[in-house]
Structure formats: C-alpha cells, structure tokens
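Q: Quick one: the structure is below, questions incoming.
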Number of protein chains: 2
Amino acid sequence: MKRAKKQIFRQFISSKGLKTTRQRDVILDAFLSSDRHMSIEDLYLKLRVKNPRIGYATVYRTLKLFAESGIAREIQFGDGQTRYEHVAEGEHHDHLVCTRCGAIIEFENETIEKLQSEVADSYGFLIETHKLELYGICAKCRK
Amino acid sequence: MKRAKKQIFRQFISSKGLKTTRQRDVILDAFLSSDRHMSIEDLYLKLRVKNPRIGYATVYRTLKLFAESGIAREIQFGDGQTRYEHVAEGEHHDHLVCTRCGAIIEFENETIEKLQSEVADSYGFLIETHKLELYGICAKCRK
DNA sequence: CCGTATAGTGAAATTCACTTTCATTATCGG
DNA sequence: CCGATAATGAAAGTGAATTTCACTATACGG
C-alpha cells in the first residue's frame, strides 16, 4: 500500500521531469505513516521534530504535488485549514466530523451516491466531484 | 416572508440587549432582497452604491448577527469566500455548484437525508448539521 | 426632553493560512 | 565532474476575515 503510493509518486515525479530530493522522500514517508487527515501545519510540525531544517513552503509544495500525483486529496472541513487525506485507488468516501473532539470518521454509501447522480441528472448537471459531510457529536463524546 | 425575518431579527436584537441602527436596517433590507448566496464582499459592494459611508466591518459584523439570529447561514464552496444564504423556516437544502460559471442550484432530497441519518446512527453519531455539495458542470454550460 | 451608560460604526491595523519570490543549493543526464 | 534545470528555505506578499480604537449613535431612567 505504502509501497504502491511511493511507486506512483516516483512515477509522477519522473514523468514531469521533476527531481527526487531528500525532502520529498522524508515528507512522503511522514505523510504515509500519518493520520489520514493532516493539515500542512500538522505535517510540518511533525517533520520539524526530526528535520529541523525543513521549510514550511517545501511541505506545502510537496503536499500539492501529492494531490497532483493522485496519492492525496485536499479536503476542507470549514475550520479554515486545508487538510490532505490519503487516496485509495478507486475508492470514495465521505465524512462524519465530530464538532466536539475533531474526530473524523469515514464512510461509504452506494445508495447515497446513486441518489446524487439521479438528482444531478434531473437538473442536466454533470457531476465532477462531490462533498458530503455530517457534522455532529461522535459516539465517544456522547457518553 | 421578509416581514417574518425582519421580525425574527428584531426580536433577536432586543433579546440580546443590542441596538437597532440605520446600518442594520439597510443591510437587512439589502440582504433580504438579494441573491440567495451572497459573500460579504458582494453585499458590501451592493450597499456601497446607495450608502457610500457604510463600512466593510459593519457588513461583516451584521452578517454574523444574521447567522446568529437564525435568518442566515454561512456556507463555503471552497473558493475562499464565505457566503451567506437565507434560511427558510424548517427547510433544508443542498447545492449543485457549477465549476464553470459559478451558478448555484439548490435541491432537496428526503431519501438522501434519511440515509444520512441511518449512516450516522450506525456509528452512534448524532448529526447536528450536514453539508452536501455536488460540483460539476451545469446544464447551461454543457450546451 | 436630557444626560449618560452602553453599544455600534468606520478606518485602519492585525491575523491567519496560504502562496510567491528570490538567492542559494542540489540533482542528474551527459 | 559540468552545467542546465529544478528544489529549497527564508522572507515577503496576498486576500479574506477579524479586531482595535477613537468617535458616534441609541435608548433607558430620570
């Protein structure tokens, strides 16, 4: 899984005539072994511990590259921070976001997706992407 | 309808010990007689035409009050601008957002809402709000 | 009405989260 | 190893949102 993503990214880099660098390797490792939803800041701080000389701009640019290469996706939960989540081949999921503790739970629902297409069709609208988020209190916080 | 919202806002203002001002009246009128999805900037510019002395900060603060009072809701479509939409009593709708021309179409779908609740239940999650947006190309732009 | 305590306003400054610039450094094909 | 080209990090720049502050307006309690 990690191996596969590294492979995809490596391919992307070389196909674009870009270069492999120590920073990109380090950032990719950190990203792949992290939480599924990291902001630039999160990842930057995590990296700083072992790589004090890495720059915020580099993390920022590298995450953009991850998104471009297809191994990551930008998401926003309306808290002002852009997050990057891992993309699994062919899979799509939506989110439950706990407004109390910030926990993010992923889910998939075929039927909802199908209904979305129907709605779009009825308006002659062509869906490119969609976003479905349910905000509320997670099981843990409800106890 | 407009009358009802003005009433609600008036009530909110007085219940909080706030004051009625010329600016708030003007901004409320402009908001109620506008597009359903206005950014602060949009409304500010619209207001400036007839009220050159009104400040951006006042529009910003007043829109926040509208949201607090329940007559408006903040929404974000990921273009970096916060928008405010009218809230109709008890009604909820989702959006189709055209990535080409920016058009916003509203829709409602009972079944999708029901499925969302089921998903949330299965995770022991209590939904407070949700957000469903379909991004793509609208019928007009597809022609 | 009038005075006054309190809230509101507008201009400008600040914050926040990126995003870009630029001088310097690193990569890599030949 | 060279040289062309890309990458990096620090710092500056952006754009929208938010706050500050001196001044003004509102609305009770006489």
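How things are named: the first chain in the structure tokens is A, the next is B, and so on; residues count from 1 in each chain; ligands count from 1 in the order shown.
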Write out as JSON lines a residue-level contact list of chain D versus stretch 77-81 of chain B with cut-off 10 Å: for each qualifying residue the closest pair of atoms and the distance in Å to one decimal, counting only C-alpha atoms (C1' of nucleotides), rows sorted by chain and residue number upward.
A:
```
{"residue": "D:DG15", "atom": "C1'", "partner": "B:Gly80", "partner_atom": "CA", "distance": 8.9}
{"residue": "D:DA16", "atom": "C1'", "partner": "B:Gln81", "partner_atom": "CA", "distance": 7.1}
{"residue": "D:DA17", "atom": "C1'", "partner": "B:Gln81", "partner_atom": "CA", "distance": 9.5}
```
Q: Please check the contacts: residues of chain B at most 10 Å away from chain D, using only C-alpha atoms (C1' of nucleotides), listed as a PyMOL selection string.
A: chain B and resi 18-22+40-41+57+60-61+80-82
Q: Could you give me the residues within chain A that DSSP places in helix (DSSP H, G or I), as a PyMOL selection string?
A: chain A and resi 2-15+22-32+40-50+56-69+110-122+139-142
Q: Keeping only C-alpha atoms, write the selected residues as a PDB file, in the first residue's frame.
A:
```pdb
ATOM      1  CA  LYS A   2       2.634   2.485   1.069  1.00  0.00           C
ATOM      2  CA  ARG A   3       4.936   0.877  -1.403  1.00  0.00           C
ATOM      3  CA  ALA A   4       2.372   1.346  -4.157  1.00  0.00           C
ATOM      4  CA  LYS A   5       1.915   5.019  -3.381  1.00  0.00           C
ATOM      5  CA  LYS A   6       5.625   5.639  -3.290  1.00  0.00           C
ATOM      6  CA  GLN A   7       5.778   3.994  -6.654  1.00  0.00           C
ATOM      7  CA  ILE A   8       3.001   6.175  -8.051  1.00  0.00           C
ATOM      8  CA  PHE A   9       4.630   9.314  -6.761  1.00  0.00           C
ATOM      9  CA  ARG A  10       8.034   8.336  -8.101  1.00  0.00           C
ATOM     10  CA  GLN A  11       6.475   7.765 -11.475  1.00  0.00           C
ATOM     11  CA  PHE A  12       4.698  11.103 -11.362  1.00  0.00           C
ATOM     12  CA  ILE A  13       7.888  12.925 -10.465  1.00  0.00           C
ATOM     13  CA  SER A  14       9.880  11.478 -13.283  1.00  0.00           C
ATOM     14  CA  SER A  15       7.103  11.806 -15.846  1.00  0.00           C
ATOM     15  CA  ARG A  22      15.759  14.141   0.326  1.00  0.00           C
ATOM     16  CA  GLN A  23      12.929  16.442   1.452  1.00  0.00           C
ATOM     17  CA  ARG A  24      10.343  14.867  -0.790  1.00  0.00           C
ATOM     18  CA  ASP A  25      11.270  11.430   0.460  1.00  0.00           C
ATOM     19  CA  VAL A  26      11.049  12.481   4.055  1.00  0.00           C
ATOM     20  CA  ILE A  27       7.732  14.258   3.572  1.00  0.00           C
ATOM     21  CA  LEU A  28       6.252  11.324   1.715  1.00  0.00           C
ATOM     22  CA  ASP A  29       7.263   8.941   4.482  1.00  0.00           C
ATOM     23  CA  ALA A  30       5.798  11.187   7.120  1.00  0.00           C
ATOM     24  CA  PHE A  31       2.594  11.626   5.178  1.00  0.00           C
ATOM     25  CA  LEU A  32       2.107   7.940   4.506  1.00  0.00           C
ATOM     26  CA  ILE A  40       0.091  21.396   6.231  1.00  0.00           C
ATOM     27  CA  GLU A  41       0.804  22.702   9.687  1.00  0.00           C
ATOM     28  CA  ASP A  42       0.304  19.273  11.282  1.00  0.00           C
ATOM     29  CA  LEU A  43       2.720  17.630   8.942  1.00  0.00           C
ATOM     30  CA  TYR A  44       5.197  20.479   9.137  1.00  0.00           C
ATOM     31  CA  LEU A  45       5.326  20.296  12.920  1.00  0.00           C
ATOM     32  CA  LYS A  46       5.621  16.544  12.873  1.00  0.00           C
ATOM     33  CA  LEU A  47       8.527  16.770  10.441  1.00  0.00           C
ATOM     34  CA  ARG A  48      10.297  19.523  12.342  1.00  0.00           C
ATOM     35  CA  VAL A  49      10.982  17.180  15.237  1.00  0.00           C
ATOM     36  CA  LYS A  50      13.427  15.100  13.236  1.00  0.00           C
ATOM     37  CA  TYR A  56       7.030  25.151   5.604  1.00  0.00           C
ATOM     38  CA  ALA A  57       6.959  26.112   1.932  1.00  0.00           C
ATOM     39  CA  THR A  58       8.516  22.813   0.986  1.00  0.00           C
ATOM     40  CA  VAL A  59       5.892  20.871   2.884  1.00  0.00           C
ATOM     41  CA  TYR A  60       3.221  22.998   1.285  1.00  0.00           C
ATOM     42  CA  ARG A  61       4.562  22.473  -2.227  1.00  0.00           C
ATOM     43  CA  THR A  62       5.121  18.787  -1.700  1.00  0.00           C
ATOM     44  CA  LEU A  63       1.581  18.203  -0.481  1.00  0.00           C
ATOM     45  CA  LYS A  64       0.333  19.943  -3.604  1.00  0.00           C
ATOM     46  CA  LEU A  65       2.407  17.524  -5.620  1.00  0.00           C
ATOM     47  CA  PHE A  66       0.928  14.588  -3.741  1.00  0.00           C
ATOM     48  CA  ALA A  67      -2.523  15.818  -4.679  1.00  0.00           C
ATOM     49  CA  GLU A  68      -1.488  16.317  -8.280  1.00  0.00           C
ATOM     50  CA  SER A  69       0.001  12.859  -8.473  1.00  0.00           C
ATOM     51  CA  GLU A 110     -23.556   3.315  -2.519  1.00  0.00           C
ATOM     52  CA  THR A 111     -27.181   4.284  -2.329  1.00  0.00           C
ATOM     53  CA  ILE A 112     -26.464   7.891  -1.448  1.00  0.00           C
ATOM     54  CA  GLU A 113     -24.043   8.118  -4.356  1.00  0.00           C
ATOM     55  CA  LYS A 114     -26.663   6.754  -6.690  1.00  0.00           C
ATOM     56  CA  LEU A 115     -29.273   9.214  -5.496  1.00  0.00           C
ATOM     57  CA  GLN A 116     -26.838  12.053  -6.000  1.00  0.00           C
ATOM     58  CA  SER A 117     -26.413  11.067  -9.623  1.00  0.00           C
ATOM     59  CA  GLU A 118     -30.147  10.965 -10.070  1.00  0.00           C
ATOM     60  CA  VAL A 119     -30.558  14.424  -8.627  1.00  0.00           C
ATOM     61  CA  ALA A 120     -27.807  15.772 -10.844  1.00  0.00           C
ATOM     62  CA  ASP A 121     -29.315  14.118 -13.902  1.00  0.00           C
ATOM     63  CA  SER A 122     -32.680  15.644 -13.221  1.00  0.00           C
ATOM     64  CA  ALA A 139     -20.223   8.178  19.911  1.00  0.00           C
ATOM     65  CA  LYS A 140     -17.284   8.718  22.242  1.00  0.00           C
ATOM     66  CA  CYS A 141     -18.211  12.310  23.027  1.00  0.00           C
ATOM     67  CA  ARG A 142     -21.862  11.394  23.600  1.00  0.00           C
TER      68      ARG A 142
END
```
Q: May I have all residues of stretch 26-123 of chain A that DSSP, computed from the backbone, assigns to strand (DSSP E), given as a list in words?
A: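 So, restricting stretch 26-123 of chain A to strand (DSSP E), we get His37, Met38, Ser39, Ala72, Arg73, Glu74, Ile75, Gln76, Thr82, Arg83, Tyr84, Glu85, His86, Asp94, His95, Leu96, Val97, Cys98, Ile104, Ile105, Glu106 and Phe107 of chain A.
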Q: Go ahead and write the selection's residues with N, CA and C atoms as a PDB file, in the first residue's frame.
A:
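Result written to result15.pdb:
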```
ATOM      1  N   HIS A  37      -5.872  12.422   7.916  1.00  0.00           N
ATOM      2  CA  HIS A  37      -6.269  13.799   7.602  1.00  0.00           C
ATOM      3  C   HIS A  37      -5.330  14.803   8.241  1.00  0.00           C
ATOM      4  N   MET A  38      -4.325  15.202   7.487  1.00  0.00           N
ATOM      5  CA  MET A  38      -3.313  16.096   8.030  1.00  0.00           C
ATOM      6  C   MET A  38      -3.356  17.459   7.362  1.00  0.00           C
ATOM      7  N   SER A  39      -3.233  18.506   8.164  1.00  0.00           N
ATOM      8  CA  SER A  39      -3.093  19.830   7.583  1.00  0.00           C
ATOM      9  C   SER A  39      -1.612  20.050   7.300  1.00  0.00           C
ATOM     10  N   ALA A  72      -2.942  11.854  -2.900  1.00  0.00           N
ATOM     11  CA  ALA A  72      -3.593  12.581  -1.813  1.00  0.00           C
ATOM     12  C   ALA A  72      -4.703  13.451  -2.386  1.00  0.00           C
ATOM     13  N   ARG A  73      -5.557  13.913  -1.506  1.00  0.00           N
ATOM     14  CA  ARG A  73      -6.656  14.775  -1.937  1.00  0.00           C
ATOM     15  C   ARG A  73      -6.811  15.885  -0.919  1.00  0.00           C
ATOM     16  N   GLU A  74      -7.067  17.102  -1.395  1.00  0.00           N
ATOM     17  CA  GLU A  74      -7.306  18.216  -0.484  1.00  0.00           C
ATOM     18  C   GLU A  74      -8.736  18.160   0.010  1.00  0.00           C
ATOM     19  N   ILE A  75      -8.931  18.380   1.296  1.00  0.00           N
ATOM     20  CA  ILE A  75     -10.291  18.499   1.811  1.00  0.00           C
ATOM     21  C   ILE A  75     -10.361  19.647   2.805  1.00  0.00           C
ATOM     22  N   GLN A  76     -11.552  20.190   2.922  1.00  0.00           N
ATOM     23  CA  GLN A  76     -11.756  21.283   3.869  1.00  0.00           C
ATOM     24  C   GLN A  76     -12.982  21.003   4.701  1.00  0.00           C
ATOM     25  N   THR A  82      -6.762  23.658   5.370  1.00  0.00           N
ATOM     26  CA  THR A  82      -6.870  22.668   4.312  1.00  0.00           C
ATOM     27  C   THR A  82      -6.195  21.406   4.812  1.00  0.00           C
ATOM     28  N   ARG A  83      -6.837  20.279   4.626  1.00  0.00           N
ATOM     29  CA  ARG A  83      -6.237  19.018   5.030  1.00  0.00           C
ATOM     30  C   ARG A  83      -5.971  18.157   3.813  1.00  0.00           C
ATOM     31  N   TYR A  84      -5.064  17.210   3.970  1.00  0.00           N
ATOM     32  CA  TYR A  84      -4.770  16.286   2.889  1.00  0.00           C
ATOM     33  C   TYR A  84      -5.073  14.890   3.386  1.00  0.00           C
ATOM     34  N   GLU A  85      -5.829  14.138   2.589  1.00  0.00           N
ATOM     35  CA  GLU A  85      -6.118  12.778   3.015  1.00  0.00           C
ATOM     36  C   GLU A  85      -5.581  11.805   1.977  1.00  0.00           C
ATOM     37  N   HIS A  86      -5.297  10.610   2.427  1.00  0.00           N
ATOM     38  CA  HIS A  86      -4.786   9.579   1.537  1.00  0.00           C
ATOM     39  C   HIS A  86      -5.875   9.179   0.563  1.00  0.00           C
ATOM     40  N   ASP A  94     -17.068   9.477   2.329  1.00  0.00           N
ATOM     41  CA  ASP A  94     -17.491  10.745   2.890  1.00  0.00           C
ATOM     42  C   ASP A  94     -17.115  10.770   4.366  1.00  0.00           C
ATOM     43  N   HIS A  95     -17.484  11.846   5.047  1.00  0.00           N
ATOM     44  CA  HIS A  95     -17.002  12.011   6.421  1.00  0.00           C
ATOM     45  C   HIS A  95     -18.062  12.369   7.453  1.00  0.00           C
ATOM     46  N   LEU A  96     -17.832  11.840   8.630  1.00  0.00           N
ATOM     47  CA  LEU A  96     -18.539  12.275   9.821  1.00  0.00           C
ATOM     48  C   LEU A  96     -17.504  13.090  10.598  1.00  0.00           C
ATOM     49  N   VAL A  97     -17.817  14.317  10.919  1.00  0.00           N
ATOM     50  CA  VAL A  97     -16.856  15.158  11.629  1.00  0.00           C
ATOM     51  C   VAL A  97     -17.409  15.528  12.995  1.00  0.00           C
ATOM     52  N   CYS A  98     -16.692  15.141  14.028  1.00  0.00           N
ATOM     53  CA  CYS A  98     -17.154  15.459  15.383  1.00  0.00           C
ATOM     54  C   CYS A  98     -16.802  16.906  15.717  1.00  0.00           C
ATOM     55  N   ILE A 104     -12.562  12.387  12.923  1.00  0.00           N
ATOM     56  CA  ILE A 104     -13.111  12.259  11.576  1.00  0.00           C
ATOM     57  C   ILE A 104     -13.313  10.788  11.275  1.00  0.00           C
ATOM     58  N   ILE A 105     -14.547  10.421  10.943  1.00  0.00           N
ATOM     59  CA  ILE A 105     -14.858   9.031  10.634  1.00  0.00           C
ATOM     60  C   ILE A 105     -15.232   8.975   9.157  1.00  0.00           C
ATOM     61  N   GLU A 106     -14.713   7.970   8.469  1.00  0.00           N
ATOM     62  CA  GLU A 106     -15.023   7.856   7.048  1.00  0.00           C
ATOM     63  C   GLU A 106     -16.122   6.830   6.834  1.00  0.00           C
ATOM     64  N   PHE A 107     -16.928   7.060   5.837  1.00  0.00           N
ATOM     65  CA  PHE A 107     -17.935   6.056   5.495  1.00  0.00           C
ATOM     66  C   PHE A 107     -18.211   6.072   3.999  1.00  0.00           C
TER      67      PHE A 107
END
```
Q: Could you make a table, as a Markdown table, of the residues of chain C that have an atom within 9 Å of an atom of chain A, each with its nearest atom pair and distance in Å to one decimal, counting only C-alpha atoms (C1' of nucleotides), in chain and number order?
A:
```
| residue | atom | partner | partner_atom | distance |
| --- | --- | --- | --- | --- |
| C:DC16 | C1' | A:Gly80 | CA | 8.8 |
| C:DA17 | C1' | A:Gln81 | CA | 7.2 |
| C:DC18 | C1' | A:Tyr60 | CA | 8.7 |
| C:DT19 | C1' | A:Ala57 | CA | 8.7 |
| C:DA26 | C1' | A:Thr21 | CA | 8.0 |
| C:DT27 | C1' | A:Lys19 | CA | 6.5 |
| C:DC28 | C1' | A:Lys19 | CA | 8.3 |
```
Q: Keeping only C-alpha atoms (C1' of nucleotides), write the selected residues to a file as a PDB file, in the first residue's frame.
A:
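Wrote result_3.pdb, looks like this:
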```
ATOM      1  C1'  DC C  16      -4.373  33.746   9.550  1.00  0.00           C
ATOM      2  C1'  DA C  17      -3.473  30.478   6.202  1.00  0.00           C
ATOM      3  C1'  DC C  18      -1.673  30.120   2.494  1.00  0.00           C
ATOM      4  C1'  DT C  19       1.216  31.465  -1.857  1.00  0.00           C
ATOM      5  C1'  DA C  26      21.003  20.141  -5.003  1.00  0.00           C
ATOM      6  C1'  DT C  27      20.017  16.811  -8.689  1.00  0.00           C
ATOM      7  C1'  DC C  28      21.090  14.292 -12.696  1.00  0.00           C
TER       8       DC C  28
END
```
Q: Would you give me, as a Markdown table, each residue of chain B having an atom within 7 Å of an atom of chain A, along with its shortest atom pair and that distance in Å to one decimal, using only C-alpha atoms and sorting by chain and residue number?
A:
```
| residue | atom | partner | partner_atom | distance |
| --- | --- | --- | --- | --- |
| B:Ile112 | CA | A:Ile112 | CA | 5.9 |
| B:Leu115 | CA | A:Ile112 | CA | 6.9 |
| B:Tyr123 | CA | A:Ala139 | CA | 6.9 |
| B:Gly124 | CA | A:Ala139 | CA | 4.8 |
| B:Phe125 | CA | A:Cys138 | CA | 4.5 |
| B:Leu126 | CA | A:Ile137 | CA | 5.1 |
| B:Ile127 | CA | A:Gly136 | CA | 4.4 |
| B:Glu128 | CA | A:Gly136 | CA | 4.5 |
| B:Thr129 | CA | A:Tyr135 | CA | 5.2 |
| B:His130 | CA | A:Leu134 | CA | 4.3 |
| B:Lys131 | CA | A:Glu133 | CA | 5.2 |
| B:Leu132 | CA | A:Leu132 | CA | 4.4 |
| B:Glu133 | CA | A:Lys131 | CA | 5.2 |
| B:Leu134 | CA | A:His130 | CA | 4.3 |
| B:Tyr135 | CA | A:Thr129 | CA | 5.2 |
| B:Gly136 | CA | A:Ile127 | CA | 4.4 |
| B:Ile137 | CA | A:Leu126 | CA | 5.1 |
| B:Cys138 | CA | A:Phe125 | CA | 4.5 |
| B:Ala139 | CA | A:Gly124 | CA | 4.8 |
```
Q: Can you move chain B onto chain A by a least-squares fit over all C-alpha atoms paired in order, then give me the moved copy as a short mmCIF file (atom, residue, chain, number, x, y, z; two decimals) with C-alpha atoms, in the first residue's frame?
A:
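The result, written out as part-v6.cif:
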```cif
data_model
loop_
_atom_site.label_atom_id
_atom_site.label_comp_id
_atom_site.auth_asym_id
_atom_site.auth_seq_id
_atom_site.Cartn_x
_atom_site.Cartn_y
_atom_site.Cartn_z
CA MET B 1 -0.06 -0.01 -0.36
CA LYS B 2 2.56 2.49 0.72
CA ARG B 3 4.83 0.92 -1.80
CA ALA B 4 2.23 1.47 -4.51
CA LYS B 5 1.81 5.13 -3.65
CA LYS B 6 5.51 5.74 -3.59
CA GLN B 7 5.61 4.17 -6.99
CA ILE B 8 2.83 6.39 -8.31
CA PHE B 9 4.49 9.49 -6.96
CA ARG B 10 7.87 8.53 -8.37
CA GLN B 11 6.26 8.05 -11.74
CA PHE B 12 4.51 11.39 -11.51
CA ILE B 13 7.70 13.20 -10.60
CA SER B 14 9.66 11.81 -13.49
CA SER B 15 6.86 12.22 -16.00
CA LYS B 16 6.83 15.92 -15.17
CA GLY B 17 10.56 16.28 -15.41
CA LEU B 18 10.79 17.06 -11.72
CA LYS B 19 13.48 15.87 -9.39
CA THR B 20 13.70 13.43 -6.54
CA THR B 21 14.96 15.09 -3.41
CA ARG B 22 15.70 14.10 0.14
CA GLN B 23 12.90 16.37 1.36
CA ARG B 24 10.29 14.87 -0.90
CA ASP B 25 11.21 11.40 0.25
CA VAL B 26 11.03 12.38 3.88
CA ILE B 27 7.72 14.18 3.47
CA LEU B 28 6.19 11.30 1.55
CA ASP B 29 7.22 8.84 4.26
CA ALA B 30 5.80 11.04 6.97
CA PHE B 31 2.57 11.54 5.08
CA LEU B 32 2.07 7.86 4.33
CA SER B 33 2.68 6.84 7.91
CA SER B 34 0.38 9.44 9.38
CA ASP B 35 -3.19 10.03 10.25
CA ARG B 36 -5.53 10.02 7.33
CA HIS B 37 -6.27 13.74 7.69
CA MET B 38 -3.28 16.00 8.11
CA SER B 39 -3.03 19.73 7.74
CA ILE B 40 0.14 21.30 6.37
CA GLU B 41 0.90 22.52 9.86
CA ASP B 42 0.40 19.06 11.39
CA LEU B 43 2.77 17.45 8.97
CA TYR B 44 5.26 20.28 9.21
CA LEU B 45 5.43 19.99 12.99
CA LYS B 46 5.71 16.23 12.84
CA LEU B 47 8.58 16.51 10.38
CA ARG B 48 10.39 19.19 12.32
CA VAL B 49 11.10 16.77 15.13
CA LYS B 50 13.51 14.73 13.05
CA ASN B 51 14.23 17.24 10.31
CA PRO B 52 14.59 20.66 11.90
CA ARG B 53 15.82 22.24 8.73
CA ILE B 54 12.84 21.45 6.57
CA GLY B 55 10.77 24.46 5.54
CA TYR B 56 7.04 25.00 5.81
CA ALA B 57 6.96 26.08 2.17
CA THR B 58 8.49 22.80 1.10
CA VAL B 59 5.89 20.81 2.98
CA TYR B 60 3.20 22.99 1.44
CA ARG B 61 4.53 22.55 -2.06
CA THR B 62 5.07 18.85 -1.66
CA LEU B 63 1.55 18.24 -0.42
CA LYS B 64 0.28 20.07 -3.49
CA LEU B 65 2.32 17.70 -5.59
CA PHE B 66 0.83 14.73 -3.77
CA ALA B 67 -2.60 15.98 -4.64
CA GLU B 68 -1.62 16.56 -8.24
CA SER B 69 -0.17 13.10 -8.52
CA GLY B 70 -3.35 11.56 -7.22
CA ILE B 71 -2.07 10.01 -4.00
CA ALA B 72 -3.66 12.67 -1.81
CA ARG B 73 -6.70 14.88 -1.86
CA GLU B 74 -7.31 18.31 -0.32
CA ILE B 75 -10.27 18.57 2.00
CA GLN B 76 -11.71 21.36 4.09
CA PHE B 77 -13.90 20.96 7.10
CA GLY B 78 -14.59 24.63 7.53
CA ASP B 79 -12.15 25.19 10.38
CA GLY B 80 -9.87 27.28 8.21
CA GLN B 81 -7.22 24.58 7.78
CA THR B 82 -6.79 22.67 4.56
CA ARG B 83 -6.19 19.00 5.20
CA TYR B 84 -4.79 16.28 3.00
CA GLU B 85 -6.14 12.79 3.06
CA HIS B 86 -4.83 9.61 1.50
CA VAL B 87 -6.55 8.55 -1.67
CA ALA B 88 -7.10 4.84 -2.12
CA GLU B 89 -7.43 3.60 -5.66
CA GLY B 90 -11.01 3.80 -6.85
CA GLU B 91 -12.40 4.29 -3.40
CA HIS B 92 -14.51 7.18 -2.27
CA HIS B 93 -15.75 7.99 1.17
CA ASP B 94 -17.49 10.75 3.04
CA HIS B 95 -17.03 12.09 6.55
CA LEU B 96 -18.62 12.41 9.92
CA VAL B 97 -16.96 15.33 11.70
CA CYS B 98 -17.31 15.70 15.45
CA THR B 99 -17.75 19.35 16.31
CA ARG B 100 -16.77 18.69 19.90
CA CYS B 101 -13.52 16.72 19.71
CA GLY B 102 -12.67 17.08 16.04
CA ALA B 103 -12.70 13.36 15.37
CA ILE B 104 -13.21 12.41 11.75
CA ILE B 105 -14.95 9.17 10.84
CA GLU B 106 -15.07 7.93 7.28
CA PHE B 107 -17.98 6.11 5.73
CA GLU B 108 -19.16 4.86 2.40
CA ASN B 109 -22.69 4.51 1.15
CA GLU B 110 -23.46 3.21 -2.27
CA THR B 111 -27.09 4.19 -2.18
CA ILE B 112 -26.37 7.81 -1.37
CA GLU B 113 -23.88 7.96 -4.23
CA LYS B 114 -26.45 6.54 -6.59
CA LEU B 115 -29.07 9.05 -5.53
CA GLN B 116 -26.61 11.87 -6.04
CA SER B 117 -26.10 10.77 -9.62
CA GLU B 118 -29.82 10.67 -10.16
CA VAL B 119 -30.24 14.19 -8.82
CA ALA B 120 -27.41 15.45 -11.01
CA ASP B 121 -28.85 13.72 -14.06
CA SER B 122 -32.21 15.29 -13.52
CA TYR B 123 -30.54 18.69 -13.83
CA GLY B 124 -28.40 17.68 -16.79
CA PHE B 125 -25.41 18.19 -14.51
CA LEU B 126 -22.21 16.20 -14.87
CA ILE B 127 -20.65 15.37 -11.50
CA GLU B 128 -16.88 15.61 -11.21
CA THR B 129 -16.52 15.35 -7.46
CA HIS B 130 -18.68 15.67 -4.45
CA LYS B 131 -18.49 16.42 -0.82
CA LEU B 132 -20.70 15.06 1.90
CA GLU B 133 -20.02 15.86 5.49
CA LEU B 134 -22.17 15.27 8.52
CA TYR B 135 -21.30 17.52 11.43
CA GLY B 136 -22.36 16.71 14.96
CA ILE B 137 -21.38 14.85 18.10
CA CYS B 138 -19.60 11.53 17.94
CA ALA B 139 -20.51 8.52 20.05
CA LYS B 140 -17.59 9.09 22.43
CA CYS B 141 -18.52 12.70 23.13
CA ARG B 142 -22.17 11.83 23.66
CA LYS B 143 -21.48 9.60 26.63
#
```
